[in-house]
Amino acid sequence: MASPWRLHARNVIQSAINNCQSSDPKAIRKAIRDAYPYGQRANHPYQIWCSEVKTALEELGQCKWCKGTGCLICKAKNGYQKP
């Protein structure tokens, strides 16, 4: 079972992706960055947030290794989707 921090982070990230008016990767990253809900960027909540952001971006094809060309790391895992 996922922690409450992780579940909340997933919901906030998915909302940020859904509400982003652009499909530009930089705009999506900014929308996610601006949606950070926990105040100070430190400690356990921030570590969970970073983990979920990494997962979401990989699933959107914004893997930092393959740059969206496709690799084993960026295959969909948790169902983040740009509508």
# chains A, B, ... in the order shown; residues from 1 in each chain; ligands from 1
call {"tool": "residues_around", "arguments": {"residues": "A:Tyr38", "least_positions_apart": "3", "cutoff": "10 Å", "atoms": "only C-alpha atoms", "output": "list in words"}}
result
Trp5, Ala9, Ala35, Arg41, Ala42, Pro45, Tyr46 and Trp49 of chain A
call {"tool": "residues_around", "arguments": {"residues": "A:Ala16", "least_positions_apart": "5", "cutoff": "8 Å", "atoms": "only C-alpha atoms", "output": "ChimeraX atom specification"}}
result
/A:28,31-32,35
call {"tool": "closest_residue", "arguments": {"among": "A:Leu60, A:Glu52, A:Cys20, A:Pro37", "to": "A:Ser3", "atoms": "only C-alpha atoms"}}
result
A:Glu52
call {"tool": "atom_distance", "arguments": {"atom1": "atom CA of A:Lys26", "atom2": "atom CA of A:Glu59"}}
result
15.1 Å
call {"tool": "residues_around", "arguments": {"residues": "A:Arg29", "least_positions_apart": "4", "cutoff": "8 Å", "atoms": "only C-alpha atoms", "output": "PyMOL selection string"}}
result
chain A and resi 25+33+57
call {"tool": "write_last_selection", "arguments": {"atoms": "N, CA and C atoms", "output": "compact mmCIF listing (two decimals), in the first residue's frame"}}
result
# COMPACT_ATOMS: atom_id res chain seq x y z
N PRO A 25 7.15 20.12 -23.10
CA PRO A 25 7.76 19.51 -21.92
C PRO A 25 8.19 20.51 -20.85
N ARG A 33 6.35 21.69 -11.11
CA ARG A 33 7.20 22.36 -10.11
C ARG A 33 6.39 23.37 -9.31
N LEU A 57 7.19 12.10 -15.23
CA LEU A 57 7.88 12.61 -16.42
C LEU A 57 8.36 11.48 -17.32
